[in-house]
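**Q** Let me begin by handing over the structure; questions about it come next.
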Amino acid sequence: MAGMDTDTGSPPPAGSADGLRQLTVGTGAGLDTADMVLNIGPQHPSTHGVLRLKLVLDGERVISCEPVIGYMHRGAEKLFEVRDYRQIIMLANRHDWLSAFANELGVALAVERMMGIEVPERATWLRTALAELNRVLNHLMFLGSYPLEIGALTPVFYSFRERETLQAVLEEVSGGRMHYMFNRVGGLKEEVPAGWTRRAREAIGQVEARMPDLDRLIRRNEIFLARTVGVGVLDAATAAAFGASGPVARASGLDLDLRRDEPYLAYGELDVPVVTRRAGDCHARFEVLLDQVYASLDLARRCLDRVDQLSGPVNVRLPKVVKAPEGHTYAWTENPLGVNGYYLVSRGEKTPWRLKLRTASYANVQALATLIPGSLVPDLVAILGSMFFVVGDIDK
């Protein structure tokens, strides 16, 4: 309203133009300033799904960051309580849609532990091979999408070329491209097709031969280095305090990998290389992901070589109605994005009384509250993308 102060309704202060109050916002120059609150999300192209970051800015510098989650909540943990032990595998499969095989595997391991089921050796080695191939598929997605988010278009074409080569292998064996649904309580859904292990090794060889194309394109790219080196530094102590795990934690120097430290499946018989860095910045996190692809491809090949030496079934015969005995157990796995835990409580029924998920993305994204403050707005997307999370893994 002309002639009135717009904030208080009182007469305008002396010297104000047209009765409007002048206010300098966020210069950081010691003037009369006010902080700006900026929402990133919940529908914003820089977010990996439906996540909201509530930022307080002083100019272009972030003062505080509050991750706001829950926009995609699907109530999976509650739905577990009204689904039997065969059906819950389908629900768990989907919370991190880039790590579907690993998700369903963790549930199967927890139920098998409760029921005292010993899985056939051939199924164990096949599970290990498929878990490593799924790990590579997960990492290739981020190796292509992360440079894309900070302005590099070409790498995504290279990463998706390799993804398609491996997707064909997973699709042949399971029938699915994202949600494989190949694990069952007691083993795998069925035997793999004749000649599949040979074709899988050929696909691995093709990807290994072509990975240097992606590597040379981006790892030492001057612009990529300028956007990622020294940006978004997460030190080891902070990573541990927030419960971070997987590539995010190992890039900060936390030498933790359940495949080596708490072996499950066939990992106890394998020499598992653990890729770590110490810088803890965006570039270190990217390098851990990139080098893990090479390591996982080699692990998958060794598992397939062992599968060819084994014969026998790939699952155990179960009763028509599967009931876990009364009690509780906790199983955890080294998923592609970090440690996933499955706390299963049974009261002897055909459905879990409780199944609590501890997902990697949920723990990792908490660190954004400490990681982003102090950074500049132009670095925000670089930091956010380097945390490698899937929102379905948070809003499970």
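By order of appearance in the structure tokens: chains A, B, ..., then residues from 1 within every chain, and ligands from 1 in the order shown.
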Compile the contact shell of Ile223 of chain A as a list in words: residues with an atom at most 12 Å away, counting only C-alpha atoms, same-chain residues fewer than 4 positions apart removed.
**A**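 Within the cut-off, the hits are Pro147, Ile150, Gly151, Ala152, Leu217, Ile218, Arg219, Arg227, Thr228, Val229 and His283 of chain A.
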**Q** Where does DSSP see strand (DSSP E) in segment 104-212 of chain A, if you list the residues as number ranges by chain?
**A** A: 183-184, 187-188
**Q** Suppose we keep N, CA, C and O atoms; can you now write the selection as an mmCIF file, in the first residue's frame?
**A**
```
data_model
loop_
_atom_site.group_PDB
_atom_site.id
_atom_site.type_symbol
_atom_site.label_atom_id
_atom_site.label_comp_id
_atom_site.auth_asym_id
_atom_site.auth_seq_id
_atom_site.Cartn_x
_atom_site.Cartn_y
_atom_site.Cartn_z
ATOM 1 N N ASN A 183 15.510 -64.569 -6.236
ATOM 2 C CA ASN A 183 15.777 -65.241 -4.964
ATOM 3 C C ASN A 183 14.504 -65.863 -4.415
ATOM 4 O O ASN A 183 13.399 -65.354 -4.624
ATOM 5 N N ARG A 184 14.668 -66.946 -3.742
ATOM 6 C CA ARG A 184 13.586 -67.599 -3.009
ATOM 7 C C ARG A 184 14.129 -68.024 -1.654
ATOM 8 O O ARG A 184 15.343 -68.220 -1.503
ATOM 9 N N GLY A 187 17.027 -70.681 -1.674
ATOM 10 C CA GLY A 187 17.867 -70.710 -2.868
ATOM 11 C C GLY A 187 17.398 -69.748 -3.941
ATOM 12 O O GLY A 187 17.062 -68.597 -3.669
ATOM 13 N N LEU A 188 17.346 -70.245 -5.175
ATOM 14 C CA LEU A 188 16.958 -69.444 -6.323
ATOM 15 C C LEU A 188 15.670 -69.976 -6.940
ATOM 16 O O LEU A 188 15.264 -71.121 -6.688
#
```
**Q** Mind checking DSSP for segment 25-230 of chain A and telling me the helix (DSSP H, G or I) residues as a PyMOL selection string?
**A** chain A and resi 76-82+88-93+100-115+121-149+155-174+196-218+222-228
**Q** Would you mind telling me which residue in A:Phe101, A:Phe388, A:Trp353, A:Tyr342 lies nearest to Phe182 of chain A when using only C-alpha atoms?
**A**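 Distance minimum relative to Phe182 of chain A lands on A:Phe101.
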**Q** Please list as JSON, numbers by chain every residue within 12 Å of Ile89 of chain A, counting only C-alpha atoms and excluding residues in the same chain fewer than 2 positions away.
**A** {"A": [76, 77, 79, 80, 83, 84, 85, 86, 87, 91, 92, 93, 94, 95, 100, 101, 102, 103, 104, 105, 106, 107, 108, 109, 110, 111, 179, 180, 181, 182, 183, 184, 185, 188, 189, 342, 351, 352, 355]}
**Q** Fewer than 6 positions away in the same chain doesn't count, so skip those; otherwise give me all residues within 8 Å of Leu133 of chain A, counting only C-alpha atoms, as an MDAnalysis selection string.
**A** chainID A and resid 166 296:297 300
**Q** Name the residues in contact with segment 114-126 of chain A at a cut-off of 6 Å, using only C-alpha atoms, excluding same-chain residues fewer than 6 positions from it; report them as an mmCIF file with N, CA and C atoms, in the first residue's frame.
**A**
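What ended up in result-v1.cif:
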```cif
data_model
loop_
_atom_site.group_PDB
_atom_site.id
_atom_site.type_symbol
_atom_site.label_atom_id
_atom_site.label_comp_id
_atom_site.auth_asym_id
_atom_site.auth_seq_id
_atom_site.Cartn_x
_atom_site.Cartn_y
_atom_site.Cartn_z
ATOM 1 N N GLY A 186 15.449 -70.409 0.561
ATOM 2 C CA GLY A 186 16.031 -71.728 0.291
ATOM 3 C C GLY A 186 16.867 -71.786 -0.972
ATOM 4 N N GLY A 187 17.027 -70.681 -1.674
ATOM 5 C CA GLY A 187 17.867 -70.710 -2.868
ATOM 6 C C GLY A 187 17.398 -69.748 -3.941
ATOM 7 N N LEU A 265 27.133 -65.629 2.020
ATOM 8 C CA LEU A 265 27.179 -66.301 0.719
ATOM 9 C C LEU A 265 28.534 -66.998 0.566
ATOM 10 N N ALA A 266 29.204 -66.788 -0.587
ATOM 11 C CA ALA A 266 30.496 -67.441 -0.825
ATOM 12 C C ALA A 266 31.670 -66.503 -0.615
ATOM 13 N N CYS A 303 33.236 -66.331 -9.483
ATOM 14 C CA CYS A 303 32.065 -67.088 -9.008
ATOM 15 C C CYS A 303 31.493 -67.961 -10.124
ATOM 16 N N LEU A 310 30.327 -77.067 -10.193
ATOM 17 C CA LEU A 310 29.357 -77.624 -9.248
ATOM 18 C C LEU A 310 28.136 -78.159 -9.970
ATOM 19 N N VAL A 314 19.447 -75.923 -7.055
ATOM 20 C CA VAL A 314 19.682 -74.514 -6.716
ATOM 21 C C VAL A 314 18.666 -74.016 -5.683
ATOM 22 N N ALA A 324 8.201 -69.367 9.794
ATOM 23 C CA ALA A 324 9.449 -69.257 10.543
ATOM 24 C C ALA A 324 9.167 -69.513 12.017
#
```
**Q** Show me, as a VMD selection string, the residues that have an atom within 6 Å of Gly41 of chain A when counting only C-alpha atoms, minus same-chain residues fewer than 2 positions from it.
**A** chain A and resid 39 43 to 44 51 to 52
**Q** Atom CA of Arg260 of chain A and atom CA of Val272 of chain A are how many Å apart?
**A**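 Interatomic distance, atom CA of Arg260 of chain A to atom CA of Val272 of chain A: 6.0 Å.
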**Q** Calculate how many Å separate atom CA of Ala236 of chain A from atom CA of Ala382 of chain A, rounding to one decimal.
**A**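 Computed distance, atom CA of Ala236 of chain A to atom CA of Ala382 of chain A, equals 19.6 Å.
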